[in-house]
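Trainee: Attaching a single structure in structure tokens format; questions to follow.
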Amino acid sequence: AKVEVDVVFVTDCSDYQEWLAQAFLMQWRLVGPHAARLTRLLACDAADPRLPRALNATTGNANTRSGGTTDNVEVFVLPELNGKDEDRYLCNNRPRGLRRWLKARPPRSERHWIALLDPDMLVLRPFDPSLPWRIAAKGTIGAANATT
């Protein structure tokens, strides 16, 4: 049976995270096309003045909100989820954002996989779910039949 893959990465609206996201997206588009859907979980309050810039840079359309897509890239906008005051923790956007995204877009079957990447990663070849994948092969991560 065919495997369906969603590739997800999480950022906020900070300048640093936006820079990482743009490098990630440029590389994603450069090595594509991909047989996987890419989703950016963007933790940014609606009133944040940086939100339109992040949306436009990701999709080419500053009016895009959750569910907006372009070239198989989706943006799922979330409020800032790091918390306030004593509940503040800088890493909360990722687990809390993933929980909200998975609730809104649950896996459709056991053959629907989620690949969670970080914005500071670079994709070096297209994602192709038709290739056999495994967690580790001789100390490496990647497709079972991939060559170096």
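Naming works like this for the structure tokens: A, B, ... for the chains as they're shown, residue 1 at the start of each chain, ligands 1 onward in shown order.
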Residues near region 20-27 of chain A, anyone? I mean within 9 Å using only C-alpha atoms, not counting same-chain ones fewer than 4 positions away, as a PyMOL selection string.

Mentor: chain A and resi 9-11+15-16+31-32+40+54+57-58+118-124

Trainee: Since we have the selection now, will you write its residues out, keeping C-alpha atoms, as a compact mmCIF listing (two decimals), in the first residue's frame?

Mentor:
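So the final result, stored in out_21.txt, reads:
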```
# COMPACT_ATOMS: atom_id res chain seq x y z
CA PHE A 9 8.41 22.07 10.77
CA VAL A 10 7.58 24.55 13.55
CA THR A 11 8.63 28.19 13.84
CA ASP A 15 13.62 37.25 12.90
CA TYR A 16 15.96 34.33 13.59
CA VAL A 31 15.70 19.91 -4.51
CA GLY A 32 11.99 19.23 -5.23
CA ARG A 40 4.93 25.08 8.38
CA ALA A 54 6.06 35.28 7.40
CA ALA A 57 7.57 34.59 2.49
CA THR A 58 6.20 31.06 2.94
CA ASP A 118 13.60 21.43 12.32
CA PRO A 119 13.90 24.71 10.41
CA ASP A 120 17.69 24.55 10.71
CA MET A 121 17.81 21.33 8.66
CA LEU A 122 18.47 21.27 4.92
CA VAL A 123 16.79 18.70 2.70
CA LEU A 124 19.35 17.32 0.24
```

Trainee: Quick one: residues within 9 Å of region 100-103 of chain A, only C-alpha atoms counted, chain neighbours fewer than 5 positions away excluded, as a list in words?

Mentor: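 In the requested form, the answer reads Leu41, Phe76, Leu78 and Pro95 of chain A.
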
Trainee: Go ahead and compute the interatomic distance for CA of Gly97 (chain A) and CA of Asp45 (chain A), in Å to one decimal.

Mentor: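 We find that CA of Gly97 (chain A) and CA of Asp45 (chain A) lie 12.6 Å from each other.
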
Trainee: Between A:Asp6, A:Asn72, A:Ser130, A:Leu117, single out the one closest to Pro33 (chain A), counting only C-alpha atoms.

Mentor: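 Among the listed residues, A:Asn72 lies closest to Pro33 (chain A).
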
Trainee: I'd like to know which of A:Pro129, A:Arg50, A:Val8, A:Ser14 is closest to Arg105 (chain A), using only C-alpha atoms.

Mentor: A:Val8

Trainee: Write out as a list in words which residues come within 12 Å of Val3 (chain A) when counting only C-alpha atoms, dropping same-chain ones fewer than 5 positions away.

Mentor: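 My reading of the contact set: Ala35, Ala36, Pro107, Arg108, Ser109, Glu110, Arg111, His112, Trp113, Ile114, Phe127, Asp128, Pro129, Ser130, Leu131, Pro132 and Trp133 of chain A.
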
Trainee: Need to verify the contact set: Ala46 (chain A), 10 Å, only C-alpha atoms, exclusion of same-chain residues closer than 3 positions in sequence. Can you return it as a PyMOL selection string?

Mentor: chain A and resi 43+49-52+65+77-80

Trainee: Please run DSSP on the backbone and report, as a count of residues only, all residues within region 5-135 of chain A that come out as helix (DSSP H, G or I).

Mentor: 41

Trainee: How many Å separate CA of Glu18 (chain A) from CA of Thr39 (chain A)?

Mentor: 14.6 Å
